[in-house]
$ cat structure.json   # JSON, C-alpha atoms
[["chain", "number", "residue", "atom", "x", "y", "z"],
["A", 777, "MET", "CA", -62.47, 29.32, -152.49],
["A", 778, "THR", "CA", -61.38, 29.20, -148.87],
["A", 779, "VAL", "CA", -60.44, 32.36, -146.98],
["A", 780, "LEU", "CA", -58.40, 32.37, -143.77],
["A", 781, "LEU", "CA", -58.80, 35.63, -141.87],
["A", 782, "ALA", "CA", -56.96, 36.26, -138.60],
["A", 783, "HIS", "CA", -58.77, 38.68, -136.30],
["A", 784, "ILE", "CA", -57.49, 40.67, -133.31],
["A", 785, "SER", "CA", -58.89, 43.67, -131.52],
["A", 786, "ASP", "CA", -58.35, 46.24, -128.81],
["A", 787, "LEU", "CA", -54.58, 46.58, -128.72],
["A", 788, "HIS", "CA", -54.87, 49.90, -126.83],
["A", 789, "LEU", "CA", -51.27, 50.86, -127.59],
["A", 790, "ASP", "CA", -50.33, 53.63, -125.18],
["A", 791, "GLY", "CA", -46.54, 53.65, -125.15],
["A", 792, "SER", "CA", -46.37, 51.39, -122.13],
["A", 793, "GLU", "CA", -44.09, 48.37, -121.98],
["A", 794, "ARG", "CA", -47.03, 46.13, -121.13],
["A", 795, "ALA", "CA", -49.18, 47.11, -124.14],
["A", 796, "THR", "CA", -46.21, 46.86, -126.49],
["A", 797, "GLU", "CA", -45.21, 43.42, -125.20],
["A", 798, "ARG", "CA", -48.69, 41.97, -125.56],
["A", 799, "ALA", "CA", -49.19, 43.36, -129.06],
["A", 800, "THR", "CA", -45.72, 42.22, -130.13],
["A", 801, "ARG", "CA", -46.32, 38.73, -128.74],
["A", 802, "THR", "CA", -49.56, 38.49, -130.71],
["A", 803, "VAL", "CA", -47.99, 39.70, -133.95],
["A", 804, "GLU", "CA", -45.03, 37.36, -133.61],
["A", 805, "TYR", "CA", -47.43, 34.44, -133.11],
["A", 806, "LEU", "CA", -49.11, 35.36, -136.38],
["A", 807, "ARG", "CA", -45.75, 35.70, -138.13],
["A", 808, "GLY", "CA", -44.83, 32.19, -136.99],
["A", 809, "LEU", "CA", -47.84, 30.38, -138.40],
["A", 810, "SER", "CA", -46.99, 27.59, -140.81],
["A", 811, "GLN", "CA", -49.62, 29.00, -143.18],
["A", 812, "ALA", "CA", -49.98, 32.75, -143.40],
["A", 813, "PRO", "CA", -53.54, 34.06, -143.20],
["A", 814, "ASP", "CA", -54.95, 35.74, -146.27],
["A", 815, "ALA", "CA", -55.29, 38.89, -144.15],
["A", 816, "LEU", "CA", -55.36, 40.17, -140.59],
["A", 817, "LEU", "CA", -58.34, 42.18, -139.35],
["A", 818, "VAL", "CA", -57.83, 44.62, -136.48],
["A", 819, "SER", "CA", -61.31, 45.63, -135.34],
["A", 820, "GLY", "CA", -60.65, 48.87, -133.51],
["A", 821, "ASP", "CA", -59.02, 50.52, -130.51],
["A", 822, "THR", "CA", -55.59, 50.11, -132.02],
["A", 823, "ALA", "CA", -54.52, 53.18, -130.05],
["A", 824, "ASP", "CA", -55.52, 54.00, -126.48],
["A", 825, "HIS", "CA", -55.56, 57.81, -126.76],
["A", 826, "GLY", "CA", -55.72, 58.31, -130.54],
["A", 827, "ALA", "CA", -52.23, 59.85, -130.54],
["A", 828, "HIS", "CA", -49.99, 60.00, -133.59],
["A", 829, "GLU", "CA", -47.15, 58.24, -131.77],
["A", 830, "GLU", "CA", -49.47, 55.37, -130.83],
["A", 831, "TYR", "CA", -50.40, 54.87, -134.48],
["A", 832, "ALA", "CA", -46.75, 55.10, -135.48],
["A", 833, "GLU", "CA", -46.00, 52.21, -133.12],
["A", 834, "ALA", "CA", -48.97, 50.28, -134.53],
["A", 835, "ALA", "CA", -47.80, 50.86, -138.10],
["A", 836, "GLY", "CA", -44.44, 49.32, -137.25],
["A", 837, "LEU", "CA", -45.91, 46.35, -135.41],
["A", 838, "LEU", "CA", -48.45, 45.67, -138.13],
["A", 839, "ASP", "CA", -45.96, 45.77, -141.01],
["A", 840, "LEU", "CA", -46.66, 42.16, -141.90],
["A", 841, "PRO", "CA", -46.13, 39.93, -144.96],
["A", 842, "PHE", "CA", -49.91, 39.75, -145.51],
["A", 843, "PRO", "CA", -52.59, 42.44, -145.77],
["A", 844, "VAL", "CA", -53.76, 44.18, -142.59],
["A", 845, "LEU", "CA", -57.33, 45.50, -142.55],
["A", 846, "ASN", "CA", -58.42, 48.05, -139.97],
["A", 847, "CYS", "CA", -61.59, 49.64, -138.71],
["A", 848, "PRO", "CA", -61.61, 52.30, -135.97],
["A", 849, "GLY", "CA", -62.83, 51.94, -132.39],
["A", 850, "ASN", "CA", -64.03, 54.40, -129.79],
["A", 851, "HIS", "CA", -60.48, 55.04, -128.51],
["A", 852, "ASP", "CA", -59.26, 55.86, -132.01],
["A", 853, "ASP", "CA", -59.07, 59.32, -133.54],
["A", 854, "ARG", "CA", -60.23, 59.44, -137.14],
["A", 855, "ALA", "CA", -57.84, 62.18, -138.27],
["A", 856, "ALA", "CA", -54.67, 60.68, -136.75],
["A", 857, "TYR", "CA", -55.77, 57.17, -137.76],
["A", 858, "ARG", "CA", -56.13, 58.27, -141.37],
["A", 859, "GLU", "CA", -52.84, 60.14, -141.47],
["A", 860, "VAL", "CA", -50.62, 57.51, -139.89],
["A", 861, "LEU", "CA", -52.24, 54.12, -140.56],
["A", 862, "LEU", "CA", -53.78, 54.84, -143.95],
["A", 863, "GLY", "CA", -51.45, 57.51, -145.30],
["A", 864, "GLU", "CA", -54.40, 59.74, -146.16],
["A", 865, "PRO", "CA", -55.15, 63.40, -145.42],
["A", 866, "ALA", "CA", -56.57, 64.01, -141.96],
["A", 867, "SER", "CA", -60.36, 63.99, -141.87],
["A", 868, "THR", "CA", -63.09, 63.48, -139.30],
["A", 869, "GLU", "CA", -65.38, 61.72, -141.76],
["A", 870, "PRO", "CA", -66.21, 58.03, -141.10],
["A", 871, "VAL", "CA", -63.47, 55.61, -142.16],
["A", 872, "ASN", "CA", -65.14, 53.00, -144.39],
["A", 873, "GLN", "CA", -63.12, 50.70, -146.66],
["A", 874, "VAL", "CA", -63.77, 47.59, -148.73],
["A", 875, "HIS", "CA", -61.00, 45.02, -149.08],
["A", 876, "HIS", "CA", -60.93, 42.12, -151.53],
["A", 877, "VAL", "CA", -59.36, 39.08, -149.90],
["A", 878, "ALA", "CA", -58.97, 35.74, -151.69],
["A", 879, "GLY", "CA", -62.28, 36.06, -153.52],
["A", 880, "ALA", "CA", -64.27, 37.55, -150.65],
["A", 881, "ALA", "CA", -65.03, 41.15, -149.74],
["A", 882, "VAL", "CA", -64.41, 42.50, -146.24],
["A", 883, "LEU", "CA", -66.25, 45.74, -145.50],
["A", 884, "ALA", "CA", -64.45, 47.57, -142.68],
["A", 885, "CYS", "CA", -67.07, 49.93, -141.29],
["A", 886, "ASP", "CA", -66.77, 52.89, -138.92],
["A", 887, "SER", "CA", -69.21, 52.51, -136.02],
["A", 888, "THR", "CA", -67.63, 55.21, -133.85],
["A", 889, "ILE", "CA", -69.16, 58.39, -132.49],
["A", 890, "PRO", "CA", -66.30, 60.88, -131.99],
["A", 891, "GLY", "CA", -65.91, 61.69, -128.31],
["A", 892, "GLU", "CA", -68.21, 58.89, -127.13],
["A", 893, "ASP", "CA", -67.78, 55.24, -126.19],
["A", 894, "GLY", "CA", -70.96, 53.89, -127.76],
["A", 895, "GLY", "CA", -71.45, 53.00, -131.39],
["A", 896, "HIS", "CA", -73.63, 54.16, -134.28],
["A", 897, "LEU", "CA", -73.65, 53.53, -138.02],
["A", 898, "ASP", "CA", -74.54, 56.90, -139.51],
["A", 899, "ALA", "CA", -76.71, 57.31, -142.59],
["A", 900, "ALA", "CA", -73.74, 57.78, -144.92],
["A", 901, "THR", "CA", -72.12, 54.58, -143.66],
["A", 902, "LEU", "CA", -75.31, 52.57, -144.06],
["A", 903, "VAL", "CA", -75.67, 53.86, -147.62],
["A", 904, "TRP", "CA", -72.02, 52.99, -148.27],
["A", 905, "ILE", "CA", -72.53, 49.43, -146.98],
["A", 906, "ASN", "CA", -75.61, 48.98, -149.15],
["A", 907, "ASP", "CA", -74.01, 50.42, -152.29],
["A", 908, "THR", "CA", -70.79, 48.45, -151.79],
["A", 909, "LEU", "CA", -72.64, 45.17, -151.35],
["A", 910, "ASN", "CA", -74.79, 45.90, -154.38],
["A", 911, "GLY", "CA", -71.67, 46.59, -156.43],
["A", 912, "LEU", "CA", -69.93, 43.30, -155.71],
["A", 913, "PRO", "CA", -69.72, 40.90, -158.64],
["A", 914, "GLY", "CA", -71.70, 37.69, -158.90],
["A", 915, "ASP", "CA", -71.89, 35.55, -155.81],
["A", 916, "THR", "CA", -68.91, 37.15, -154.04],
["A", 917, "PRO", "CA", -69.33, 36.50, -150.32],
["A", 918, "ALA", "CA", -68.87, 39.38, -147.91],
["A", 919, "LEU", "CA", -67.98, 39.90, -144.27],
["A", 920, "LEU", "CA", -68.83, 43.04, -142.29],
["A", 921, "ALA", "CA", -66.29, 44.27, -139.75],
["A", 922, "LEU", "CA", -67.02, 46.96, -137.17],
["A", 923, "HIS", "CA", -65.95, 47.75, -133.63],
["A", 924, "HIS", "CA", -69.21, 47.80, -131.67],
["A", 925, "PRO", "CA", -71.33, 44.65, -131.21],
["A", 926, "PRO", "CA", -74.94, 45.18, -132.34],
["A", 927, "VAL", "CA", -76.22, 42.76, -129.67],
["A", 928, "ARG", "CA", -75.82, 42.24, -125.93],
["A", 929, "VAL", "CA", -72.87, 40.16, -124.81],
["A", 930, "HIS", "CA", -74.35, 39.83, -121.30],
["A", 931, "HIS", "CA", -71.95, 42.04, -119.40],
["A", 932, "PRO", "CA", -73.13, 45.47, -118.22],
["A", 933, "LEU", "CA", -69.99, 47.33, -119.36],
["A", 934, "PRO", "CA", -69.92, 46.55, -123.11],
["A", 935, "ASP", "CA", -73.71, 46.27, -123.19],
["A", 936, "SER", "CA", -73.96, 49.89, -122.04],
["A", 937, "MET", "CA", -72.03, 51.08, -125.10],
["A", 938, "ARG", "CA", -72.93, 48.75, -127.95],
["A", 939, "LEU", "CA", -74.21, 49.76, -131.39],
["A", 940, "ASP", "CA", -77.32, 51.89, -130.83],
["A", 941, "ASN", "CA", -79.00, 51.38, -134.22],
["A", 942, "ALA", "CA", -78.76, 47.63, -134.65],
["A", 943, "ASP", "CA", -82.24, 47.53, -136.23],
["A", 944, "ASP", "CA", -81.01, 49.69, -139.12],
["A", 945, "LEU", "CA", -78.18, 47.27, -139.78],
["A", 946, "ALA", "CA", -80.46, 44.23, -139.50],
["A", 947, "GLY", "CA", -82.87, 45.76, -142.00],
["A", 948, "LEU", "CA", -80.05, 46.41, -144.44],
["A", 949, "LEU", "CA", -78.70, 42.87, -144.11],
["A", 950, "ALA", "CA", -82.10, 41.42, -144.94],
["A", 951, "ALA", "CA", -81.52, 42.58, -148.52],
["A", 952, "HIS", "CA", -78.02, 41.11, -148.73],
["A", 953, "PRO", "CA", -77.79, 37.34, -148.31],
["A", 954, "ARG", "CA", -74.18, 37.45, -149.58],
["A", 955, "VAL", "CA", -73.08, 38.65, -146.10],
["A", 956, "ALA", "CA", -71.72, 35.51, -144.44],
["A", 957, "GLY", "CA", -70.93, 37.01, -141.04],
["A", 958, "ILE", "CA", -70.26, 40.06, -138.87],
["A", 959, "LEU", "CA", -66.92, 40.51, -137.08],
["A", 960, "VAL", "CA", -66.60, 42.85, -134.09],
["A", 961, "GLY", "CA", -64.37, 43.82, -131.17],
["A", 962, "HIS", "CA", -64.90, 46.26, -128.26],
["A", 963, "ALA", "CA", -66.03, 43.70, -125.68],
["A", 964, "HIS", "CA", -62.54, 42.30, -124.94],
["A", 965, "THR", "CA", -63.84, 38.74, -124.98],
["A", 966, "GLY", "CA", -63.91, 36.06, -127.63],
["A", 967, "GLY", "CA", -67.46, 35.03, -128.32],
["A", 968, "ALA", "CA", -69.97, 33.75, -130.84],
["A", 969, "THR", "CA", -73.67, 34.48, -131.34],
["A", 970, "THR", "CA", -75.96, 35.45, -134.21],
["A", 971, "PHE", "CA", -77.31, 38.71, -135.61],
["A", 972, "ALA", "CA", -79.89, 39.11, -138.37],
["A", 973, "GLY", "CA", -79.58, 35.39, -139.05],
["A", 974, "ARG", "CA", -75.79, 35.54, -139.55],
["A", 975, "PRO", "CA", -72.87, 34.48, -137.36],
["A", 976, "LEU", "CA", -71.59, 37.30, -135.17],
["A", 977, "LEU", "CA", -68.03, 36.74, -133.91],
["A", 978, "LEU", "CA", -66.29, 38.77, -131.22],
["A", 979, "ALA", "CA", -62.50, 38.94, -131.21],
["A", 980, "PRO", "CA", -60.65, 38.45, -127.94],
["A", 981, "GLY", "CA", -58.91, 41.53, -126.57],
["A", 982, "VAL", "CA", -55.14, 41.88, -126.89],
["A", 983, "THR", "CA", -54.63, 44.29, -123.99],
["A", 984, "TRP", "CA", -56.90, 42.60, -121.41],
["A", 985, "THR", "CA", -59.82, 40.18, -121.20],
["A", 986, "LEU", "CA", -63.28, 40.98, -119.88],
["A", 987, "ARG", "CA", -64.31, 39.05, -116.78],
["A", 988, "MET", "CA", -67.92, 37.99, -117.19],
["A", 989, "PRO", "CA", -70.28, 38.49, -114.22],
["A", 990, "TRP", "CA", -70.02, 34.84, -113.22],
["A", 991, "GLU", "CA", -66.22, 35.13, -113.07],
["A", 992, "GLY", "CA", -66.17, 37.88, -110.46],
["A", 993, "GLU", "CA", -64.19, 41.12, -110.17],
["A", 994, "PRO", "CA", -62.34, 43.14, -111.29],
["A", 995, "VAL", "CA", -63.79, 43.68, -114.75],
["A", 996, "ALA", "CA", -60.42, 43.64, -116.51],
["A", 997, "ASN", "CA", -58.47, 40.39, -116.28],
["A", 998, "ARG", "CA", -54.95, 41.59, -117.09],
["A", 999, "ASP", "CA", -53.37, 38.18, -116.54],
["A", 1000, "GLN", "CA", -55.31, 36.40, -119.29],
["A", 1001, "PRO", "CA", -53.11, 36.07, -122.40],
["A", 1002, "PRO", "CA", -53.94, 37.92, -125.61],
["A", 1003, "GLY", "CA", -56.26, 36.12, -127.99],
["A", 1004, "VAL", "CA", -56.71, 35.64, -131.72],
["A", 1005, "ALA", "CA", -59.73, 34.50, -133.73],
["A", 1006, "PHE", "CA", -59.25, 32.62, -136.99],
["A", 1007, "HIS", "CA", -62.22, 32.80, -139.36],
["A", 1008, "VAL", "CA", -62.44, 30.28, -142.19],
["A", 1009, "LEU", "CA", -64.88, 31.15, -144.97],
["A", 1010, "ASP", "CA", -65.29, 28.15, -147.25],
["A", 1011, "GLU", "CA", -66.61, 27.55, -150.76],
["A", 1012, "ASP", "CA", -70.13, 27.05, -149.36],
["A", 1013, "HIS", "CA", -69.90, 30.51, -147.76],
["A", 1014, "ARG", "CA", -69.96, 28.87, -144.33],
["A", 1015, "LEU", "CA", -68.01, 30.70, -141.64],
["A", 1016, "THR", "CA", -66.11, 28.66, -139.04],
["A", 1017, "THR", "CA", -64.14, 30.30, -136.22],
["A", 1018, "HIS", "CA", -61.32, 29.02, -134.01],
["A", 1019, "PHE", "CA", -60.07, 30.95, -130.96],
["A", 1020, "ARG", "CA", -56.49, 30.78, -129.69],
["A", 1021, "ALA", "CA", -54.71, 32.20, -126.65],
["A", 1022, "VAL", "CA", -51.23, 33.62, -127.30],
["A", 1023, "VAL", "CA", -49.14, 32.39, -124.39]]
$ encode --input "structure.json" --output "structure tokens"
Amino acid sequence: MTVLLAHISDLHLDGSERATERATRTVEYLRGLSQAPDALLVSGDTADHGAHEEYAEAAGLLDLPFPVLNCPGNHDDRAAYREVLLGEPASTEPVNQVHHVAGAAVLACDSTIPGEDGGHLDAATLVWINDTLNGLPGDTPALLALHHPPVRVHHPLPDSMRLDNADDLAGLLAAHPRVAGILVGHAHTGGATTFAGRPLLLAPGVTWTLRMPWEGEPVANRDQPPGVAFHVLDEDHRLTTHFRAVV
């Protein structure tokens, strides 16, 4: 078993020509790969204002010949997200979904707090993660996807609004060695670290890239090209990631 998962984040579609062009460029790059990924993960902030028309644009752009997995971000609106992207009745409940991809399970988790920028995994979501992992067959490997990083990325902006109950997630993961990695967005920078003894991978931003403190100001580098992460989960349940700029 080898799984190839493409990963993008933070499209922030807002109806502007710039946002549309960058998202379209990224999607066309993925369409042109000589080997299609098993799935594409979009880890939040698909829309900039959570508007129905923004999700309608996203639905058209993300109509791809391979599965597209989504989890919401702090700019997303749960009700509109559900209606337009998922074709479900509007609801403000957390959007949690499990996807089975080429022999692995991807748990797309809702870490949003409606009306706030920071992240939190509520009790119902933590129970859902635990129950879903317990219900997977045999030695099926799993990946967790959520918007908010549970650790510092060493920039004051994303670090001020990261996941606020990382200890709860770490405690849960201690009981689930099948989790091979955690995939996040929100920070607008590709990156790699560890969390609870697992790889933690940050997707580059599509709309703009975060300038780290040692790179100077302004915070948003709007000239940097969009980025894509490619995660390869192999038969040993080892996760390897490659980052690419979409020029």
$ atom_distance --input "structure.json" --atom1 "atom CA of Leu780 of chain A" --atom2 "atom CA of Pro1001 of chain A"
22.3 Å
$ atom_distance --input "structure.json" --atom1 "atom CA of Ala884 of chain A" --atom2 "atom CA of Val871 of chain A"
8.1 Å
$ residues_around --input "structure.json" --residues "Arg798 of chain A" --least-positions-apart "3" --cutoff "10 Å" --atoms "all atoms listed in the file" --output "VMD selection string"
chain A and resid 787 789 793 to 795 801 to 804 982 to 984 1001 to 1003 1022 to 1023
$ closest_residue --input "structure.json" --among "A:Ala835, A:Ala827, A:Ala951, A:Val779" --to "Pro917 of chain A" --atoms "all atoms listed in the file"
A:Val779
$ closest_atom_pairs --input "structure.json" --of "segment 823-911 of chain A" --to "segment 930-940 of chain A" --cutoff "8 Å" --atoms "only C-alpha atoms" --output "Markdown table"
| residue | atom | partner | partner_atom | distance |
| --- | --- | --- | --- | --- |
| A:Ser887 | CA | A:Leu939 | CA | 7.3 |
| A:Asp893 | CA | A:Met937 | CA | 6.0 |
| A:Gly894 | CA | A:Met937 | CA | 4.0 |
| A:Gly895 | CA | A:Leu939 | CA | 4.3 |
| A:His896 | CA | A:Leu939 | CA | 5.3 |
| A:Leu897 | CA | A:Leu939 | CA | 7.6 |
$ closest_residue --input "structure.json" --among "A:Pro913, A:Gly863, A:Phe971, A:Asp898" --to "Asn941 of chain A" --atoms "all atoms listed in the file"
A:Asp898
$ closest_residue --input "structure.json" --among "A:Ala968, A:Ala979, A:Ile889, A:Val995" --to "Thr1016 of chain A" --atoms "all atoms listed in the file"
A:Ala968
